[in-house]
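**Q** Below is the file upload_11.cif, which contains mmCIF, C-alpha atoms and all ligand atoms.
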data_start
#
loop_
_atom_site.label_atom_id
_atom_site.label_comp_id
_atom_site.auth_asym_id
_atom_site.auth_seq_id
_atom_site.Cartn_x
_atom_site.Cartn_y
_atom_site.Cartn_z
CA MET A 1 3.48 -23.51 16.12
CA LEU A 2 0.76 -21.37 17.72
CA ALA A 3 1.89 -22.50 21.19
CA ALA A 4 5.55 -21.62 20.51
CA ILE A 5 4.66 -18.19 19.07
CA THR A 6 2.30 -17.46 21.98
CA HIS A 7 4.99 -18.42 24.50
CA ALA A 8 7.60 -16.17 22.85
CA LEU A 9 5.19 -13.20 22.64
CA ALA A 10 4.16 -13.64 26.30
CA LEU A 11 7.84 -13.57 27.27
CA ALA A 12 8.43 -10.47 25.08
CA ALA A 13 5.63 -8.59 26.87
CA ARG A 14 7.09 -9.48 30.32
CA LEU A 15 10.58 -8.44 29.21
CA GLU A 16 9.26 -5.05 28.01
CA ASP A 17 7.72 -4.51 31.47
CA GLU A 18 11.24 -4.99 32.90
CA GLY A 19 12.85 -2.64 30.34
CA GLN A 20 14.51 -5.49 28.38
CA PHE A 21 13.41 -3.91 25.09
CA ASN A 22 16.10 -5.38 22.82
CA GLN A 23 15.47 -8.99 23.88
CA ALA A 24 11.73 -8.37 23.41
CA LYS A 25 12.24 -6.87 19.95
CA LEU A 26 14.27 -9.88 18.81
CA LEU A 27 11.56 -12.26 20.04
CA ARG A 28 8.81 -10.28 18.28
CA ALA A 29 10.80 -10.14 15.02
CA ALA A 30 11.48 -13.89 15.18
CA CYS A 31 7.74 -14.58 15.66
CA ALA A 32 6.72 -12.28 12.79
CA SER A 33 9.37 -13.85 10.56
CA ARG A 34 8.24 -17.45 11.28
CA LEU A 35 4.55 -16.61 10.68
CA THR A 36 5.37 -14.82 7.41
CA GLN A 37 7.57 -17.70 6.25
CA ALA A 38 4.84 -20.26 7.01
CA ALA A 39 2.29 -18.15 5.10
CA HIS A 40 4.73 -17.78 2.18
CA GLN A 41 4.99 -21.57 1.86
CA PHE A 42 1.25 -22.18 2.26
CA ASN A 43 -0.40 -23.54 -0.88
CA LEU A 44 -3.43 -21.47 -1.89
CA PRO A 45 -5.28 -21.82 -5.23
CA SER A 46 -3.91 -19.31 -7.76
CA ASN A 47 -7.34 -18.33 -9.14
CA PRO A 48 -8.73 -15.21 -7.35
CA ALA A 49 -12.32 -16.56 -7.71
CA ALA A 50 -11.34 -19.46 -5.42
CA TRP A 51 -10.21 -16.99 -2.74
CA LEU A 52 -13.87 -16.31 -1.88
CA ASP A 53 -14.11 -19.86 -0.47
CA GLU A 54 -10.72 -19.40 1.23
CA ALA A 55 -12.02 -16.17 2.83
CA ASP A 56 -15.07 -18.07 4.15
CA ARG A 57 -12.73 -20.68 5.66
CA ALA A 58 -10.49 -18.01 7.22
CA ILE A 59 -13.44 -16.08 8.66
CA GLN A 60 -14.89 -19.31 10.12
CA SER A 61 -11.54 -20.26 11.71
CA LEU A 62 -11.00 -16.75 13.09
CA ALA A 63 -14.54 -16.80 14.57
CA GLU A 64 -13.68 -20.09 16.33
CA LEU A 65 -10.55 -18.39 17.75
CA GLY A 66 -12.80 -15.76 19.36
CA THR A 67 -12.21 -12.84 16.96
CA PRO A 68 -14.60 -9.96 17.89
CA ASP A 69 -17.89 -9.77 15.98
CA ASP A 70 -17.35 -6.25 14.54
CA LEU A 71 -14.02 -7.28 13.01
CA LEU A 72 -15.64 -10.43 11.56
CA ALA A 73 -18.51 -8.33 10.17
CA ALA A 74 -16.03 -5.95 8.47
CA LEU A 75 -14.24 -8.98 7.00
CA ARG A 76 -17.54 -10.29 5.58
CA HIS A 77 -18.22 -6.85 4.02
CA ALA A 78 -14.77 -6.85 2.40
CA ARG A 79 -15.30 -10.39 1.08
CA ALA A 80 -18.71 -9.35 -0.33
CA ALA A 81 -17.04 -6.39 -2.11
CA GLN A 82 -14.54 -8.77 -3.74
CA ALA A 83 -17.41 -11.09 -4.77
CA ALA A 84 -19.12 -8.07 -6.39
CA GLY A 85 -15.92 -7.25 -8.34
CA ARG A 86 -15.02 -4.05 -6.48
CA LEU A 87 -12.48 -2.87 -3.87
CA SER A 88 -13.82 -2.60 -0.33
CA GLN A 89 -14.04 1.00 0.88
CA TYR A 90 -12.75 2.50 4.13
CA ALA A 91 -16.28 3.10 5.44
CA GLU A 92 -16.98 -0.66 5.51
CA ALA A 93 -13.42 -1.68 6.42
CA PRO A 94 -11.94 0.95 8.81
CA ASP A 95 -8.36 0.58 10.13
CA PRO A 96 -8.29 -1.83 13.11
CA PHE A 97 -6.39 -0.61 16.21
CA VAL A 98 -5.15 -3.53 18.34
CA CYS A 99 -4.22 -3.06 22.02
CA ARG A 100 -0.55 -4.07 22.36
CA THR A 101 -1.19 -5.16 25.94
CA CYS A 102 -4.29 -7.37 25.75
CA GLY A 103 -5.25 -7.70 22.06
CA HIS A 104 -8.53 -5.76 22.29
CA VAL A 105 -9.60 -4.58 18.79
CA SER A 106 -11.12 -1.19 18.00
CA LEU A 107 -12.32 -0.56 14.43
CA GLY A 108 -11.33 3.05 13.76
CA PRO A 109 -9.46 5.44 16.10
CA VAL A 110 -9.38 4.71 19.84
CA ALA A 111 -11.24 7.34 21.90
CA GLY A 112 -10.18 6.43 25.46
CA PRO A 113 -8.27 3.82 27.51
CA CYS A 114 -8.58 0.16 26.43
CA PRO A 115 -11.99 -1.08 27.72
CA THR A 116 -10.45 -4.50 28.51
CA CYS A 117 -7.12 -3.67 30.20
CA GLY A 118 -7.09 0.15 30.63
CA ALA A 119 -4.01 0.72 28.41
CA GLN A 120 -3.69 4.25 26.95
CA PRO A 121 -4.87 4.92 23.34
CA ALA A 122 -1.27 5.64 22.21
CA THR A 123 -0.33 2.00 22.99
CA PHE A 124 -2.64 0.62 20.29
CA GLN A 125 -1.13 -0.65 17.03
CA ARG A 126 -2.83 0.66 13.87
CA TRP A 127 -3.24 -1.64 10.85
CA ARG A 128 -3.33 0.39 7.61
CA GLY A 129 -4.43 -0.84 4.16
CA THR A 130 -0.85 -0.63 2.87
CA TYR A 131 2.51 0.07 4.52
CA TRP A 132 3.46 2.14 1.45
CA LEU A 133 1.61 5.05 3.09
CA GLU A 134 4.29 5.26 5.81
CA ALA A 135 7.32 3.62 4.20
CA LEU A 136 9.15 6.82 3.12
CA ASP A 137 9.54 10.11 4.97
CA PRO A 138 9.07 13.29 2.87
CA PHE A 139 12.83 13.70 2.21
CA ALA A 140 13.28 10.10 1.04
CA ALA A 141 10.07 10.21 -1.04
CA LEU A 142 11.16 13.47 -2.76
CA GLU A 143 14.58 11.97 -3.48
CA HIS A 144 12.92 9.02 -5.27
CA LEU A 145 10.43 11.20 -7.17
CA ARG A 146 13.38 13.30 -8.46
CA SER A 147 15.49 10.34 -9.54
CA THR A 148 12.97 7.89 -11.04
CA PRO A 149 12.33 9.87 -14.29
CA LYS A 150 16.10 9.77 -15.00
CA VAL A 151 16.23 5.99 -14.35
CA LEU A 152 13.24 5.46 -16.62
CA ALA A 153 14.74 7.62 -19.39
CA GLY A 154 17.95 5.58 -19.24
CA LEU A 155 16.03 2.29 -19.44
CA VAL A 156 14.19 3.06 -22.66
CA ALA A 157 16.49 5.63 -24.35
CA ASP A 158 17.75 3.40 -27.19
CA LEU A 159 14.75 1.07 -27.68
CA PRO A 160 12.77 1.05 -30.96
CA GLU A 161 9.00 1.68 -30.62
CA ALA A 162 8.01 -1.79 -31.94
CA LEU A 163 10.07 -3.56 -29.26
CA VAL A 164 8.59 -1.40 -26.51
CA SER A 165 5.00 -2.25 -27.50
CA GLN A 166 5.57 -6.00 -27.84
CA PRO A 167 3.61 -7.84 -25.11
CA PRO A 168 5.57 -10.58 -23.23
CA GLU A 169 4.61 -14.17 -24.04
CA ASP A 170 3.15 -14.72 -20.55
CA GLY A 171 0.43 -12.12 -21.24
CA SER A 172 1.74 -9.60 -18.69
CA TRP A 173 2.13 -5.87 -19.42
CA SER A 174 4.45 -4.67 -22.19
CA LEU A 175 7.11 -2.03 -21.49
CA ARG A 176 4.80 0.54 -23.09
CA GLN A 177 1.85 -0.50 -20.87
CA THR A 178 4.01 -0.41 -17.74
CA ILE A 179 5.35 3.06 -18.59
CA ALA A 180 1.81 4.26 -19.42
CA HIS A 181 0.76 2.91 -16.01
CA LEU A 182 3.51 4.97 -14.32
CA ARG A 183 2.36 8.04 -16.28
CA ASP A 184 -1.27 7.43 -15.14
CA ALA A 185 -0.17 6.99 -11.52
CA GLN A 186 1.88 10.21 -11.72
CA GLY A 187 -1.27 11.96 -13.00
CA VAL A 188 -3.19 10.72 -9.94
CA LEU A 189 -0.35 11.89 -7.64
CA GLU A 190 -0.36 15.39 -9.21
CA GLU A 191 -4.14 15.63 -8.85
CA ARG A 192 -4.05 14.44 -5.20
CA VAL A 193 -1.22 16.85 -4.25
CA ASN A 194 -3.17 19.77 -5.76
CA LEU A 195 -6.45 18.71 -4.09
CA ILE A 196 -4.89 18.33 -0.62
CA LEU A 197 -3.03 21.67 -0.89
CA ASP A 198 -5.89 23.67 -2.45
CA GLN A 199 -8.84 22.36 -0.40
CA GLU A 200 -9.57 21.58 3.26
CA ASN A 201 -9.67 17.79 3.84
CA PRO A 202 -10.97 16.97 0.32
CA PRO A 203 -12.40 13.56 -0.67
CA LEU A 204 -9.89 11.49 -2.69
CA ALA A 205 -11.71 9.10 -5.04
CA SER A 206 -10.30 5.61 -5.72
CA GLN A 207 -8.79 5.33 -9.20
CA ALA A 208 -8.77 2.19 -11.37
CA VAL A 209 -5.12 2.73 -12.36
CA PHE A 210 -4.57 -1.00 -12.91
CA ALA A 211 -7.50 -1.28 -15.34
CA TRP A 212 -6.23 1.73 -17.36
CA ALA A 213 -2.88 0.09 -18.17
CA ARG A 214 -4.31 -2.23 -20.87
CA SER A 215 -6.56 0.44 -22.37
CA GLU A 216 -5.25 2.60 -25.22
CA ALA A 217 -8.14 5.08 -24.87
CA GLY A 218 -6.78 8.63 -24.82
CA ARG A 219 -3.14 7.51 -25.18
CA PRO A 220 -0.71 9.41 -27.40
CA PRO A 221 0.59 7.06 -30.12
CA ALA A 222 4.33 7.41 -29.43
CA LEU A 223 6.09 6.25 -26.29
CA ARG A 224 8.10 9.48 -26.41
CA GLU A 225 4.87 11.46 -25.92
CA ILE A 226 3.77 9.26 -22.99
CA LEU A 227 7.19 9.84 -21.40
CA GLU A 228 7.06 13.60 -21.99
CA ALA A 229 3.63 13.82 -20.33
CA TYR A 230 5.06 11.86 -17.37
CA TYR A 231 8.17 14.09 -17.05
CA ALA A 232 6.12 17.31 -17.28
CA SER A 233 3.60 16.18 -14.66
CA ARG A 234 6.42 15.01 -12.35
CA ALA A 235 8.22 18.37 -12.72
CA ARG A 236 5.04 20.31 -11.79
CA THR A 237 4.46 18.03 -8.77
CA LEU A 238 8.07 18.39 -7.56
CA ALA A 239 7.98 22.18 -7.95
CA ARG A 240 4.96 22.30 -5.66
CA LEU A 241 6.25 19.83 -3.08
CA GLU A 242 9.76 21.32 -2.87
CA SER A 243 8.44 24.78 -1.96
CA LEU A 244 6.08 23.62 0.83
CA PRO A 245 6.33 24.81 4.43
CA PRO A 246 6.92 21.62 6.51
CA ALA A 247 3.49 21.78 8.21
CA ASP A 248 1.75 21.37 4.83
CA TRP A 249 3.03 17.76 4.64
CA TRP A 250 0.43 17.09 7.37
CA ARG A 251 -2.50 18.56 5.42
CA ARG A 252 -5.22 15.94 5.11
CA GLY A 253 -7.54 14.31 2.62
CA ARG A 254 -10.20 11.58 2.92
CA HIS A 255 -9.29 8.60 0.76
CA GLU A 256 -12.20 6.30 -0.23
CA GLU A 257 -10.13 3.18 0.25
CA PHE A 258 -7.52 4.12 2.91
CA GLY A 259 -9.43 6.62 5.06
CA GLU A 260 -8.06 9.94 6.33
CA LEU A 261 -4.45 10.42 5.30
CA CYS A 262 -1.82 13.18 5.13
CA LEU A 263 -0.01 14.59 2.10
CA TYR A 264 3.17 12.79 3.20
CA HIS A 265 1.31 9.43 3.19
CA GLN A 266 0.14 10.01 -0.35
CA VAL A 267 3.62 11.02 -1.59
CA SER A 268 5.23 8.02 0.16
CA TYR A 269 2.65 5.74 -1.47
CA PHE A 270 3.34 6.87 -5.05
CA ALA A 271 7.14 6.89 -4.60
CA CYS A 272 6.94 3.27 -3.32
CA HIS A 273 4.62 2.33 -6.16
CA GLU A 274 7.22 3.35 -8.76
CA LEU A 275 10.03 1.52 -6.98
CA VAL A 276 7.94 -1.68 -7.07
CA HIS A 277 7.58 -1.43 -10.87
CA PHE A 278 11.27 -0.82 -11.67
CA PRO A 279 12.46 -4.46 -11.40
CA GLN A 280 9.61 -5.37 -13.79
CA LEU A 281 10.84 -2.73 -16.28
CA GLU A 282 14.40 -4.09 -16.02
CA ARG A 283 13.12 -7.60 -16.79
CA LEU A 284 11.11 -6.37 -19.80
CA ARG A 285 14.06 -4.53 -21.30
CA PRO A 286 15.61 -6.72 -24.00
CA PRO A 287 19.31 -7.51 -23.41
CA ALA A 288 21.73 -5.22 -25.30
CA ALA A 289 22.68 -6.63 -28.70
ZN ZN B 1 -6.07 -3.61 26.29
#
What's the structure tokens form of this structure?
**A**
Amino acid sequence: MLAAITHALALAARLEDEGQFNQAKLLRAACASRLTQAAHQFNLPSNPAAWLDEADRAIQSLAELGTPDDLLAALRHARAAQAAGRLSQYAEAPDPFVCRTCGHVSLGPVAGPCPTCGAQPATFQRWRGTYWLEALDPFAALEHLRSTPKVLAGLVADLPEALVSQPPEDGSWSLRQTIAHLRDAQGVLEERVNLILDQENPPLASQAVFAWARSEAGRPPALREILEAYYASRARTLARLESLPPADWWRRGRHEEFGELCLYHQVSYFACHELVHFPQLERLRPPAA
């Protein structure tokens, strides 16, 4: 498979040099699709503790393929963070920039032409921690942030409290825990928006939003109150975002996990985050009697 993918990518690069961009794009998409499909069907152990051994195997194989030492060192740091039960931080795992021409890797932003092939910095491809940061432009993200409270209200409007709190048999989050998680995430979004708009390039601390979902500490007893806190926080956030001059969407903050990012990245991230949870809420909702 590696030989076939390499051949197709080599051809794509030649075609781009000749201006055959559409043929090249189809080849690149086909390669990405085949690699993703193969990974999807690959059998890995389901227990996260076993992934430490899998990471060792992957790092060893990538070293044998000639992966640069600084990228391998960053990978070992990230694996060590997982072993210590924490998320790896941007300082030890900066975004890799890969030269589209020759494959040279730079950890962190590229200062000058590619040291291997001389390609310009703008030709490098950046690998971010999550594509959610760039998935939605400000207009699309605002549209989602406006509509999701209404969708959520419709989902739970006629459900009795006891049903909402009942945990599913598979041990996953209850409707109440999932909605509390959305409320917590909205709280983080509101705080981040205010920080980025009120301060110059503020630090943005990582938040253990996933760990909070199962904790009842500081929660109001009734789902209605959790929802009201969510709606009120969302309304304040929207009021601020909707009145911004366009340039303010490019104000920056320094995220512990994802590095320097703009306000629009942060808003895209949280809008995507909600959309990911909605199918789960639909599944949790008991069928109408
Ligand atoms: Zn290069």
**Q** Can you work out which one of A:Ala3, A:Ala78, A:Leu263, A:Leu223 has the shortest atom-to-atom distance to A:Ser174, counting all atoms listed in the file?
**A**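 Looking only at the distances to A:Ser174, the closest residue turns out to be A:Leu223.
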**Q** Name the residues, by chain letter and number, that sit within 6 Å of ligand ZN 1 (chain B) using all atoms listed in the file, and give them as number ranges by chain.
**A** A: 99, 101-104, 114, 116-119
**Q** Find the residues near A:Lys25: any atom within 12 Å, counting all atoms listed in the file, skip ones fewer than 2 places away on the same chain, and give them as number ranges by chain.
**A** A: 8-9, 11-16, 19-23, 27-32
**Q** Please identify all polymer residues within 10 Å of stretch 34-36 of chain A, counting all atoms listed in the file, omitting same-chain residues fewer than 6 positions from it, and present them as a PDB file with C-alpha atoms, keeping the file's coordinate frame.
**A**
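The resulting file, part.pdb, is reproduced below:
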ATOM      1  CA  MET A   1       3.480 -23.510  16.120  1.00  0.00           C
ATOM      2  CA  LEU A   2       0.760 -21.370  17.720  1.00  0.00           C
ATOM      3  CA  ILE A   5       4.660 -18.190  19.070  1.00  0.00           C
ATOM      4  CA  PHE A  42       1.250 -22.180   2.260  1.00  0.00           C
TER       5      PHE A  42
END
**Q** Name the closest residue to A:Asp198 among the candidates A:Pro109, A:Gly253, A:Pro96, A:Pro115; distances are taken between atoms, counting only C-alpha atoms.
**A**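 Ranking A:Pro109, A:Gly253, A:Pro96, A:Pro115 by distance to A:Asp198, first place goes to A:Gly253.
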**Q** Taking all atoms listed in the file into account, which of A:Arg146, A:His255, A:His7, A:His181 comes nearest A:His277?
**A** A:His181
**Q** How far is it from atom CA of A:Pro286 to atom CA of A:Val164, in Å with one decimal?
**A**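 The value is 9.2 Å.
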**Q** Can you tell me how far atom CA of A:Arg252 sits from atom CA of A:Gly108, in Å to one decimal?
**A**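 Taking atom CA of A:Arg252 and atom CA of A:Gly108, their separation equals 16.7 Å.
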**Q** A:Arg176: which residues within 10 Å, counting only C-alpha atoms, same-chain residues fewer than 2 positions away excluded, as number ranges by chain?
**A** A: 156, 161-167, 173-174, 178-182, 213-214, 222-223, 226-227, 281, 284
**Q** (-1.0, 11.3, -10.8) in this file's frame - what residues fall within 10 Å of it? Use all atoms listed in the file and give the answer as number ranges by chain.
**A** A: 182-193, 207, 209, 230, 233-234, 237, 270
**Q** How many Å separate atom CA of A:Pro48 from atom CA of A:Gln82?
**A** 9.4 Å
**Q** Do a neighbour search on A:Asp70 at 10 Å with all atoms listed in the file, toss out local chain neighbours closer than 4 positions, and write the hits as JSON, numbers by chain.
**A** {"A": [74, 75, 76, 105, 106, 107]}
**Q** Could you check the closest approach to A:Pro149 for each of A:Phe278, A:Tyr231, A:Trp249, A:Trp51 and tell me which residue wins, using all atoms listed in the file?
**A**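 Residue with the minimum atom-to-atom distance to A:Pro149: A:Tyr231.
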**Q** With all atoms listed in the file as the counted atoms, please give the residues lying no more than 12 Å from A:Asp137, apart from itself and same-chain residues fewer than 6 positions off, as a list in words.
**A**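 Residues meeting the cut-off are Glu143, His144, Pro246, Trp249, Trp250, Cys262, Leu263, Tyr264, His265, Gln266, Val267, Ser268, Tyr269, Ala271 and Cys272 of chain A.
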**Q** For A:Leu244, which of A:Leu52, A:Leu261, A:Ala81, A:Leu142 is the closest residue, counting only C-alpha atoms?
**A** A:Leu142
**Q** In terms of the shortest atom-to-atom distance over all atoms listed in the file, which of A:Trp132, A:Ala24, A:Ala49, A:Glu260 is closest to A:Asn201?
**A** A:Glu260
